[in-house]
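This is final32.pdb. It holds PDB, C-alpha atoms, pLDDT in the B column.
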ATOM      1  CA  GLY A  17     -16.015  -6.516  -4.815  1.00 82.00           C
ATOM      2  CA  ASP A  18     -13.810  -3.459  -5.003  1.00 87.00           C
ATOM      3  CA  SER A  19     -11.265  -3.198  -7.775  1.00 92.00           C
ATOM      4  CA  VAL A  20      -8.836  -0.696  -9.247  1.00 94.00           C
ATOM      5  CA  THR A  21      -7.606  -0.722 -12.823  1.00 95.00           C
ATOM      6  CA  GLN A  22      -4.655   1.362 -13.857  1.00 94.00           C
ATOM      7  CA  MET A  23      -2.503   1.464 -16.952  1.00 87.00           C
ATOM      8  CA  GLU A  24       0.291  -0.951 -16.299  1.00 81.00           C
ATOM      9  CA  GLY A  25       3.026   0.544 -18.379  1.00 84.00           C
ATOM     10  CA  PRO A  26       5.905   0.725 -18.283  1.00 94.00           C
ATOM     11  CA  VAL A  27       5.752   4.378 -19.183  1.00 96.00           C
ATOM     12  CA  THR A  28       8.904   6.040 -20.448  1.00 97.00           C
ATOM     13  CA  LEU A  29       9.066   9.815 -20.856  1.00 97.00           C
ATOM     14  CA  SER A  30      11.635  12.483 -21.448  1.00 97.00           C
ATOM     15  CA  GLU A  31      12.251  15.104 -18.803  1.00 97.00           C
ATOM     16  CA  GLU A  32       9.683  17.939 -18.859  1.00 96.00           C
ATOM     17  CA  ALA A  33       7.096  15.830 -20.682  1.00 97.00           C
ATOM     18  CA  PHE A  34       3.451  15.705 -19.572  1.00 97.00           C
ATOM     19  CA  LEU A  35       2.398  12.678 -17.577  1.00 97.00           C
ATOM     20  CA  THR A  36      -0.968  10.974 -17.342  1.00 97.00           C
ATOM     21  CA  ILE A  37      -1.508   7.649 -15.612  1.00 97.00           C
ATOM     22  CA  ASN A  38      -5.079   6.451 -15.920  1.00 97.00           C
ATOM     23  CA  CYS A  39      -6.937   4.913 -13.008  1.00 97.00           C
ATOM     24  CA  THR A  40     -10.524   3.710 -12.840  1.00 97.00           C
ATOM     25  CA  TYR A  41     -12.270   1.956 -10.011  1.00 96.00           C
ATOM     26  CA  THR A  42     -15.235  -0.190  -9.057  1.00 94.00           C
ATOM     27  CA  ALA A  43     -16.546   0.104  -5.524  1.00 89.00           C
ATOM     28  CA  THR A  44     -19.679   0.250  -3.469  1.00 80.00           C
ATOM     29  CA  GLY A  45     -20.612   3.529  -1.873  1.00 79.00           C
ATOM     30  CA  TYR A  46     -18.251   6.459  -1.833  1.00 83.00           C
ATOM     31  CA  PRO A  47     -14.631   5.393  -1.473  1.00 89.00           C
ATOM     32  CA  SER A  48     -11.632   7.578  -0.790  1.00 91.00           C
ATOM     33  CA  LEU A  49      -9.029   7.484  -3.541  1.00 94.00           C
ATOM     34  CA  PHE A  50      -5.268   7.564  -3.239  1.00 95.00           C
ATOM     35  CA  TRP A  51      -2.102   7.621  -5.256  1.00 97.00           C
ATOM     36  CA  TYR A  52       0.931   6.036  -3.627  1.00 96.00           C
ATOM     37  CA  VAL A  53       4.468   6.181  -5.006  1.00 96.00           C
ATOM     38  CA  GLN A  54       7.229   3.611  -4.534  1.00 93.00           C
ATOM     39  CA  TYR A  55      10.754   4.790  -5.276  1.00 93.00           C
ATOM     40  CA  PRO A  56      13.356   2.123  -6.048  1.00 87.00           C
ATOM     41  CA  GLY A  57      14.182   0.068  -2.966  1.00 82.00           C
ATOM     42  CA  GLU A  58      11.742   1.919  -0.739  1.00 85.00           C
ATOM     43  CA  GLY A  59       8.293   1.457   0.742  1.00 86.00           C
ATOM     44  CA  LEU A  60       5.111   3.133  -0.395  1.00 90.00           C
ATOM     45  CA  GLN A  61       4.548   6.808   0.282  1.00 92.00           C
ATOM     46  CA  LEU A  62       1.274   8.632   0.011  1.00 93.00           C
ATOM     47  CA  LEU A  63       1.436  11.029  -2.918  1.00 96.00           C
ATOM     48  CA  LEU A  64      -2.060  12.491  -2.790  1.00 96.00           C
ATOM     49  CA  LYS A  65      -5.631  11.625  -1.929  1.00 94.00           C
ATOM     50  CA  ALA A  66      -9.222  12.725  -2.447  1.00 94.00           C
ATOM     51  CA  THR A  67     -12.106  11.794  -0.210  1.00 90.00           C
ATOM     52  CA  LYS A  68     -15.196  12.882  -2.130  1.00 89.00           C
ATOM     53  CA  ALA A  69     -16.442  13.534  -5.618  1.00 91.00           C
ATOM     54  CA  ASP A  70     -14.855  16.485  -7.449  1.00 94.00           C
ATOM     55  CA  ASP A  71     -12.088  16.788  -4.850  1.00 94.00           C
ATOM     56  CA  LYS A  72      -8.662  17.428  -6.319  1.00 97.00           C
ATOM     57  CA  GLY A  73      -5.642  16.010  -4.578  1.00 96.00           C
ATOM     58  CA  SER A  74      -2.273  17.596  -5.268  1.00 97.00           C
ATOM     59  CA  ASN A  75       1.317  17.255  -4.128  1.00 96.00           C
ATOM     60  CA  LYS A  76       4.782  17.828  -5.607  1.00 95.00           C
ATOM     61  CA  GLY A  77       3.268  19.033  -8.892  1.00 96.00           C
ATOM     62  CA  PHE A  78       1.077  15.936  -9.246  1.00 98.00           C
ATOM     63  CA  GLU A  79      -2.707  16.246  -9.390  1.00 98.00           C
ATOM     64  CA  ALA A  80      -5.686  13.929  -9.561  1.00 98.00           C
ATOM     65  CA  THR A  81      -9.409  14.706  -9.532  1.00 98.00           C
ATOM     66  CA  TYR A  82     -12.039  12.363  -8.105  1.00 96.00           C
ATOM     67  CA  ARG A  83     -14.570  11.902 -10.931  1.00 96.00           C
ATOM     68  CA  LYS A  84     -17.536   9.923  -9.697  1.00 93.00           C
ATOM     69  CA  GLU A  85     -19.395  10.064 -13.007  1.00 93.00           C
ATOM     70  CA  THR A  86     -16.543   8.278 -14.770  1.00 95.00           C
ATOM     71  CA  THR A  87     -15.267   6.418 -11.665  1.00 95.00           C
ATOM     72  CA  SER A  88     -11.791   7.715 -12.387  1.00 97.00           C
ATOM     73  CA  PHE A  89      -8.841   9.251 -10.569  1.00 97.00           C
ATOM     74  CA  HIS A  90      -6.214   9.903 -13.229  1.00 98.00           C
ATOM     75  CA  LEU A  91      -2.785  11.113 -12.122  1.00 98.00           C
ATOM     76  CA  GLU A  92      -1.234  14.039 -13.997  1.00 98.00           C
ATOM     77  CA  LYS A  93       1.893  16.127 -13.875  1.00 98.00           C
ATOM     78  CA  GLY A  94       2.717  18.908 -16.257  1.00 96.00           C
ATOM     79  CA  SER A  95       6.490  18.487 -16.376  1.00 96.00           C
ATOM     80  CA  VAL A  96       8.148  15.337 -15.075  1.00 97.00           C
ATOM     81  CA  GLN A  97      11.672  15.116 -13.723  1.00 97.00           C
ATOM     82  CA  VAL A  98      14.161  12.267 -13.604  1.00 96.00           C
ATOM     83  CA  SER A  99      13.529  12.093  -9.850  1.00 96.00           C
ATOM     84  CA  ASP A 100       9.881  11.158 -10.536  1.00 97.00           C
ATOM     85  CA  SER A 101      10.977   7.753 -11.809  1.00 97.00           C
ATOM     86  CA  ALA A 102       9.117   5.267  -9.598  1.00 96.00           C
ATOM     87  CA  VAL A 103       6.175   2.889  -9.463  1.00 94.00           C
ATOM     88  CA  TYR A 104       2.809   4.585  -8.957  1.00 96.00           C
ATOM     89  CA  PHE A 105      -0.139   2.823  -7.369  1.00 94.00           C
ATOM     90  CA  CYS A 106      -3.751   3.908  -7.454  1.00 96.00           C
ATOM     91  CA  ALA A 107      -5.799   2.685  -4.484  1.00 94.00           C
ATOM     92  CA  LEU A 108      -9.209   2.983  -2.897  1.00 92.00           C
ATOM     93  CA  TYR A 109     -10.476   2.654   0.637  1.00 87.00           C
ATOM     94  CA  HIS A 110     -13.908   2.935   2.162  1.00 76.00           C
ATOM     95  CA  ARG A 111     -15.780   2.478   5.393  1.00 71.00           C
ATOM     96  CA  GLY A 112     -16.474  -1.130   6.045  1.00 69.00           C
ATOM     97  CA  SER A 113     -13.458  -2.350   4.096  1.00 68.00           C
ATOM     98  CA  ASN A 114     -11.693  -3.401   7.298  1.00 71.00           C
ATOM     99  CA  TYR A 115      -8.980  -0.843   6.707  1.00 72.00           C
ATOM    100  CA  LYS A 116      -7.980  -2.572   3.500  1.00 81.00           C
ATOM    101  CA  LEU A 117      -6.561  -0.525   0.703  1.00 88.00           C
ATOM    102  CA  THR A 118      -7.460  -2.038  -2.667  1.00 90.00           C
ATOM    103  CA  PHE A 119      -4.571  -1.377  -5.028  1.00 92.00           C
ATOM    104  CA  GLY A 120      -4.114  -1.334  -8.757  1.00 93.00           C
ATOM    105  CA  LYS A 121      -1.205  -3.325 -10.134  1.00 91.00           C
ATOM    106  CA  GLY A 122       1.102  -0.347 -10.331  1.00 92.00           C
ATOM    107  CA  THR A 123       2.634   1.658 -13.186  1.00 94.00           C
ATOM    108  CA  LEU A 124       6.376   1.898 -13.631  1.00 94.00           C
ATOM    109  CA  LEU A 125       7.430   5.363 -14.775  1.00 97.00           C
ATOM    110  CA  THR A 126      10.907   5.995 -16.119  1.00 97.00           C
ATOM    111  CA  VAL A 127      11.941   9.543 -16.911  1.00 97.00           C
ATOM    112  CA  ASN A 128      15.014  10.008 -19.077  1.00 96.00           C
ATOM    113  CA  PRO A 129      17.154  13.164 -19.048  1.00 94.00           C
TER     114      PRO A 129
ATOM    115  CA  GLU B  17      10.254  10.989  13.298  1.00 79.00           C
ATOM    116  CA  ALA B  18       6.976   9.211  12.640  1.00 80.00           C
ATOM    117  CA  GLN B  19       7.697   5.897  11.026  1.00 91.00           C
ATOM    118  CA  VAL B  20       6.915   2.249  10.518  1.00 95.00           C
ATOM    119  CA  THR B  21       9.921  -0.043  10.788  1.00 95.00           C
ATOM    120  CA  GLN B  22      10.304  -3.618   9.625  1.00 96.00           C
ATOM    121  CA  ASN B  23      12.996  -6.187  10.240  1.00 97.00           C
ATOM    122  CA  PRO B  24      14.687  -7.837   8.565  1.00 96.00           C
ATOM    123  CA  ARG B  25      14.750  -5.960   5.270  1.00 95.00           C
ATOM    124  CA  TYR B  26      16.000  -8.994   3.381  1.00 96.00           C
ATOM    125  CA  LEU B  27      15.705 -12.656   4.271  1.00 96.00           C
ATOM    126  CA  ILE B  28      16.587 -15.848   2.462  1.00 97.00           C
ATOM    127  CA  THR B  29      15.396 -19.036   4.111  1.00 96.00           C
ATOM    128  CA  VAL B  30      14.501 -22.635   3.355  1.00 96.00           C
ATOM    129  CA  THR B  31      11.164 -24.387   3.164  1.00 97.00           C
ATOM    130  CA  GLY B  32       9.706 -25.228   6.544  1.00 96.00           C
ATOM    131  CA  LYS B  33      11.956 -23.096   8.737  1.00 96.00           C
ATOM    132  CA  LYS B  34       9.779 -20.881  10.922  1.00 97.00           C
ATOM    133  CA  LEU B  35      10.411 -17.175  10.680  1.00 97.00           C
ATOM    134  CA  THR B  36       9.052 -13.909  12.043  1.00 97.00           C
ATOM    135  CA  VAL B  37       9.066 -10.508  10.390  1.00 98.00           C
ATOM    136  CA  THR B  38       8.711  -7.718  12.909  1.00 98.00           C
ATOM    137  CA  CYS B  39       6.805  -4.487  12.428  1.00 98.00           C
ATOM    138  CA  SER B  40       6.752  -1.525  14.777  1.00 98.00           C
ATOM    139  CA  GLN B  41       5.169   1.931  14.582  1.00 97.00           C
ATOM    140  CA  ASN B  42       5.783   4.963  16.783  1.00 95.00           C
ATOM    141  CA  MET B  43       2.619   6.930  15.968  1.00 93.00           C
ATOM    142  CA  ASN B  44       0.310   5.302  18.522  1.00 93.00           C
ATOM    143  CA  HIS B  45      -1.823   4.036  15.647  1.00 92.00           C
ATOM    144  CA  GLU B  46      -4.650   1.638  16.399  1.00 90.00           C
ATOM    145  CA  TYR B  47      -4.815  -0.009  13.035  1.00 91.00           C
ATOM    146  CA  MET B  48      -2.044  -2.125  11.508  1.00 94.00           C
ATOM    147  CA  SER B  49      -1.936  -4.378   8.495  1.00 94.00           C
ATOM    148  CA  TRP B  50       0.301  -6.650   6.451  1.00 97.00           C
ATOM    149  CA  TYR B  51       0.398  -6.721   2.659  1.00 96.00           C
ATOM    150  CA  ARG B  52       2.344  -8.739   0.169  1.00 96.00           C
ATOM    151  CA  GLN B  53       3.416  -7.361  -3.186  1.00 92.00           C
ATOM    152  CA  ASP B  54       3.846  -9.641  -6.175  1.00 92.00           C
ATOM    153  CA  PRO B  55       4.604  -8.738  -9.786  1.00 86.00           C
ATOM    154  CA  GLY B  56       1.448  -8.208 -11.806  1.00 82.00           C
ATOM    155  CA  LEU B  57      -0.781  -8.547  -8.734  1.00 86.00           C
ATOM    156  CA  GLY B  58      -0.148  -5.302  -6.868  1.00 85.00           C
ATOM    157  CA  LEU B  59      -0.503  -5.380  -3.091  1.00 91.00           C
ATOM    158  CA  ARG B  60      -2.840  -7.739  -1.303  1.00 93.00           C
ATOM    159  CA  GLN B  61      -3.797  -7.643   2.362  1.00 93.00           C
ATOM    160  CA  ILE B  62      -2.733 -10.643   4.461  1.00 96.00           C
ATOM    161  CA  TYR B  63      -3.968  -9.766   7.962  1.00 95.00           C
ATOM    162  CA  TYR B  64      -5.041  -6.669   9.818  1.00 93.00           C
ATOM    163  CA  SER B  65      -5.507  -5.573  13.396  1.00 93.00           C
ATOM    164  CA  MET B  66      -7.865  -2.935  14.709  1.00 88.00           C
ATOM    165  CA  ASN B  67      -6.273  -2.810  18.149  1.00 89.00           C
ATOM    166  CA  VAL B  68      -4.443  -4.857  20.763  1.00 91.00           C
ATOM    167  CA  GLU B  69      -5.599  -8.477  20.727  1.00 90.00           C
ATOM    168  CA  VAL B  70      -7.949  -7.799  17.781  1.00 90.00           C
ATOM    169  CA  THR B  71      -6.824  -9.332  14.496  1.00 93.00           C
ATOM    170  CA  ASP B  72      -8.582 -10.685  11.429  1.00 93.00           C
ATOM    171  CA  LYS B  73      -7.858 -12.201   8.045  1.00 94.00           C
ATOM    172  CA  GLY B  74      -7.370 -10.206   4.914  1.00 92.00           C
ATOM    173  CA  ASP B  75      -7.547 -11.521   1.369  1.00 91.00           C
ATOM    174  CA  VAL B  76      -4.582 -13.922   1.421  1.00 95.00           C
ATOM    175  CA  PRO B  77      -4.086 -15.215   5.002  1.00 96.00           C
ATOM    176  CA  GLU B  78      -3.176 -18.838   4.242  1.00 96.00           C
ATOM    177  CA  GLY B  79       0.209 -19.803   5.657  1.00 97.00           C
ATOM    178  CA  TYR B  80       0.550 -16.744   7.895  1.00 98.00           C
ATOM    179  CA  LYS B  81      -0.117 -15.873  11.514  1.00 97.00           C
ATOM    180  CA  VAL B  82      -0.047 -12.574  13.351  1.00 97.00           C
ATOM    181  CA  SER B  83      -0.303 -11.315  16.897  1.00 95.00           C
ATOM    182  CA  ARG B  84      -0.936  -7.925  18.462  1.00 96.00           C
ATOM    183  CA  LYS B  85       0.079  -8.005  22.098  1.00 96.00           C
ATOM    184  CA  GLU B  86       1.247  -4.401  22.170  1.00 95.00           C
ATOM    185  CA  LYS B  87      -0.149  -1.451  20.285  1.00 95.00           C
ATOM    186  CA  ARG B  88       3.119  -0.591  18.551  1.00 96.00           C
ATOM    187  CA  ASN B  89       4.086  -4.077  17.328  1.00 97.00           C
ATOM    188  CA  PHE B  90       2.468  -6.379  14.779  1.00 98.00           C
ATOM    189  CA  PRO B  91       4.727  -9.321  13.848  1.00 98.00           C
ATOM    190  CA  LEU B  92       4.061 -11.560  10.864  1.00 98.00           C
ATOM    191  CA  ILE B  93       4.785 -15.238  11.483  1.00 98.00           C
ATOM    192  CA  LEU B  94       5.386 -17.902   8.861  1.00 97.00           C
ATOM    193  CA  GLU B  95       5.225 -21.213  10.715  1.00 95.00           C
ATOM    194  CA  SER B  96       6.317 -23.339   7.759  1.00 97.00           C
ATOM    195  CA  PRO B  97       7.345 -21.144   4.836  1.00 97.00           C
ATOM    196  CA  SER B  98       6.945 -22.409   1.302  1.00 97.00           C
ATOM    197  CA  PRO B  99       8.374 -21.093  -1.988  1.00 97.00           C
ATOM    198  CA  ASN B 100       5.035 -19.512  -2.946  1.00 96.00           C
ATOM    199  CA  GLN B 101       5.506 -17.138  -0.014  1.00 97.00           C
ATOM    200  CA  THR B 102       8.515 -15.601  -1.709  1.00 97.00           C
ATOM    201  CA  SER B 103       7.411 -11.989  -1.974  1.00 97.00           C
ATOM    202  CA  LEU B 104       7.887  -8.404  -0.843  1.00 95.00           C
ATOM    203  CA  TYR B 105       6.052  -7.740   2.407  1.00 97.00           C
ATOM    204  CA  PHE B 106       4.845  -4.406   3.720  1.00 96.00           C
ATOM    205  CA  CYS B 107       3.508  -3.449   7.098  1.00 96.00           C
ATOM    206  CA  ALA B 108       1.188  -0.447   7.336  1.00 94.00           C
ATOM    207  CA  SER B 109      -0.485   1.522  10.088  1.00 93.00           C
ATOM    208  CA  SER B 110      -3.116   4.224  10.430  1.00 89.00           C
ATOM    209  CA  SER B 111      -4.776   6.083  13.259  1.00 85.00           C
ATOM    210  CA  GLY B 112      -8.203   4.583  12.661  1.00 74.00           C
ATOM    211  CA  ARG B 113      -9.849   7.872  13.598  1.00 70.00           C
ATOM    212  CA  ASP B 114     -11.519   8.309  10.209  1.00 68.00           C
ATOM    213  CA  ARG B 115     -12.281   5.047   8.520  1.00 61.00           C
ATOM    214  CA  GLY B 116     -13.310   6.836   5.383  1.00 59.00           C
ATOM    215  CA  SER B 117     -10.076   8.601   4.560  1.00 64.00           C
ATOM    216  CA  ASP B 118      -7.311   7.489   6.876  1.00 77.00           C
ATOM    217  CA  THR B 119      -3.851   7.705   5.422  1.00 83.00           C
ATOM    218  CA  GLN B 120      -1.953   4.462   5.818  1.00 87.00           C
ATOM    219  CA  TYR B 121       1.782   4.695   6.495  1.00 91.00           C
ATOM    220  CA  PHE B 122       3.951   1.949   5.094  1.00 93.00           C
ATOM    221  CA  GLY B 123       7.160   0.393   6.280  1.00 94.00           C
ATOM    222  CA  PRO B 124      10.189   0.014   3.964  1.00 92.00           C
ATOM    223  CA  GLY B 125       9.379  -3.581   3.066  1.00 94.00           C
ATOM    224  CA  THR B 126      10.878  -7.008   3.700  1.00 97.00           C
ATOM    225  CA  ARG B 127      12.021  -9.024   0.726  1.00 96.00           C
ATOM    226  CA  LEU B 128      11.614 -12.713   1.555  1.00 97.00           C
ATOM    227  CA  THR B 129      12.952 -15.581  -0.518  1.00 97.00           C
ATOM    228  CA  VAL B 130      11.987 -19.131   0.403  1.00 97.00           C
ATOM    229  CA  LEU B 131      14.124 -21.802  -1.259  1.00 96.00           C
TER     230      LEU B 131
END
Just give me the structure of the file as C-alpha cells.
Amino acid sequence: GDSVTQMEGPVTLSEEAFLTINCTYTATGYPSLFWYVQYPGEGLQLLLKATKADDKGSNKGFEATYRKETTSFHLEKGSVQVSDSAVYFCALYHRGSNYKLTFGKGTLLTVNP
Amino acid sequence: EAQVTQNPRYLITVTGKKLTVTCSQNMNHEYMSWYRQDPGLGLRQIYYSMNVEVTDKGDVPEGYKVSRKEKRNFPLILESPSPNQTSLYFCASSSGRDRGSDTQYFGPGTRLTVL
C-alpha cells in the first residue's frame, strides 16, 4: 500500500537558518504530492503541491521538487522565521485512492529568535 | 470566505455516551472525509463521502458512523464512545473535479476526550 516517510524531528533552528525536511514515499502509479502545515491550535493548511515528476511546488518561501527517481519530495526554505514554527506533514494522493490523503507522521519545527 | 467548520472544537465525554461532531463546508464540494490524528501515527482516514448518500469506510472506521444527507454537511457519529477514540478529529472537503490533484481543505479540528 501507499506510505509516506518523513523525518520526525523535532527540528529546532535559529531564525534565518536553512531548513530541509526529508520526505520519501511508496505508491503505485503517479501520485500527487503535498506538504501541509499545522500551526499551533489550528487545522491543516495546504502549503504546496506537485502533481507530476520534476514539478516544483512553492509558497511562502518554501519549495519542494517531485523527484520520481528517488521517490522524494523534500521541503526546503532558505531562511526560516519564528512564524514558521509548526508541524509539517508530507502527503500523497492518487487516482483510485478514494480521495484519501496518505500522510507522514509529521515533523515539528521550532524556530528560535 | 471558503471554509470547513467543525463543532464542537473541544469535547470531554464519558464512555458510552453517544455524540455527534458536525462538519459543514460552504464550497459546494462533492467529496468530504473524516480523519483522526494521533501522536506518532499522523492522520488516518475514518470515512469518506463522494456525494450525497454515498459514503464508504476509510482505514479506521470501527466505532464510527457517518451520514451525508446534504451536500454541505458530513457529521461524524460515535454511538458508544470508548477511551481509544480520544483523538483530534479533522473534517476535509474537496471539489472532486480532479481526482489526481485535488486540494483538500481541512476544518480546524475537534479535540475529543473520552473518559
Proximity check chain B to chain A, 12 Å, nearest pairs one decimal Å, all atoms listed in the file, as a tab-separated table:
residue	atom	partner	partner_atom	distance
B:Gln19	CA	A:Gly59	CA	11.2
B:Val20	CA	A:Gly59	CA	9.9
B:Thr21	CA	A:Gly59	CA	10.3
B:Gln22	CA	A:Gly59	CA	10.4
B:Arg25	CA	A:Gly57	CA	10.2
B:Tyr26	CA	A:Gly57	CA	11.2
B:Glu46	CA	A:Tyr115	CA	10.9
B:Tyr47	CA	A:Tyr115	CA	7.6
B:Met48	CA	A:Tyr115	CA	8.5
B:Ser49	CA	A:Lys116	CA	8.0
B:Trp50	CA	A:Lys116	CA	9.7
B:Tyr51	CA	A:Lys116	CA	9.4
B:Arg52	CA	A:Phe119	CA	11.4
B:Gln53	CA	A:Lys121	CA	9.3
B:Asp54	CA	A:Lys121	CA	9.0
B:Pro55	CA	A:Lys121	CA	7.9
B:Gly56	CA	A:Lys121	CA	5.8
B:Leu57	CA	A:Lys121	CA	5.4
B:Gly58	CA	A:Lys121	CA	4.0
B:Leu59	CA	A:Phe119	CA	6.0
B:Arg60	CA	A:Thr118	CA	7.5
B:Gln61	CA	A:Lys116	CA	6.7
B:Ile62	CA	A:Lys116	CA	9.7
B:Tyr63	CA	A:Lys116	CA	9.4
B:Tyr64	CA	A:Tyr115	CA	7.7
B:Ser65	CA	A:Tyr115	CA	8.9
B:Met66	CA	A:Tyr115	CA	8.3
B:Asn67	CA	A:Tyr115	CA	11.9
B:Val70	CA	A:Asn114	CA	12.0
B:Thr71	CA	A:Asn114	CA	10.5
B:Asp72	CA	A:Asn114	CA	8.9
B:Lys73	CA	A:Asn114	CA	9.6
B:Gly74	CA	A:Lys116	CA	7.8
B:Asp75	CA	A:Lys116	CA	9.2
B:Leu104	CA	A:Gly59	CA	10.0
B:Tyr105	CA	A:Gly59	CA	9.6
B:Phe106	CA	A:Gly59	CA	7.4
B:Cys107	CA	A:Gly59	CA	9.3
B:Ala108	CA	A:Leu60	CA	9.4
B:Ser109	CA	A:Tyr115	CA	9.4
B:Ser110	CA	A:Tyr115	CA	8.6
B:Ser111	CA	A:Tyr115	CA	10.4
B:Gly112	CA	A:Tyr115	CA	8.1
B:Arg113	CA	A:Tyr115	CA	11.1
B:Asp114	CA	A:Arg111	CA	8.7
B:Arg115	CA	A:Arg111	CA	5.3
B:Gly116	CA	A:Arg111	CA	5.0
B:Ser117	CA	A:Ser48	CA	5.7
B:Asp118	CA	A:Tyr115	CA	8.5
B:Thr119	CA	A:Leu62	CA	7.5
B:Gln120	CA	A:Leu62	CA	7.8
B:Tyr121	CA	A:Gln61	CA	7.1
B:Phe122	CA	A:Leu60	CA	5.7
B:Gly123	CA	A:Gly59	CA	5.8
B:Pro124	CA	A:Gly59	CA	4.0
B:Gly125	CA	A:Gly59	CA	5.7
B:Thr126	CA	A:Gly59	CA	9.3
B:Arg127	CA	A:Gly57	CA	10.0
One decimal place gives the CA of Thr81 in chain A-CA of Tyr41 in chain A separation as 13.1 Å
Expressed in Å, the length from CA of Thr42 in chain A to CA of Arg83 in chain A is 12.3 Å
Taking all atoms of range 90-100 of chain B that appear in the file, build a box with edges along x, y and z, extend it by 8 Å on every side, and state its centre and edge lengths in Å to one decimal, as JSON.
{"center_x": 5.4, "center_y": -14.9, "center_z": 5.9, "size_x": 21.9, "size_y": 33.0, "size_z": 33.7}
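This file, queried with the PyMOL selection byres ((chain B and resi 38) around 10), gives the residues B:Thr21, B:Gln22, B:Asn23, B:Pro24, B:Arg25, B:Leu35, B:Thr36, B:Val37, B:Cys39, B:Ser40, B:Asn89, B:Phe90, B:Pro91, B:Leu92, B:Ile93, B:Cys107, B:Thr126.
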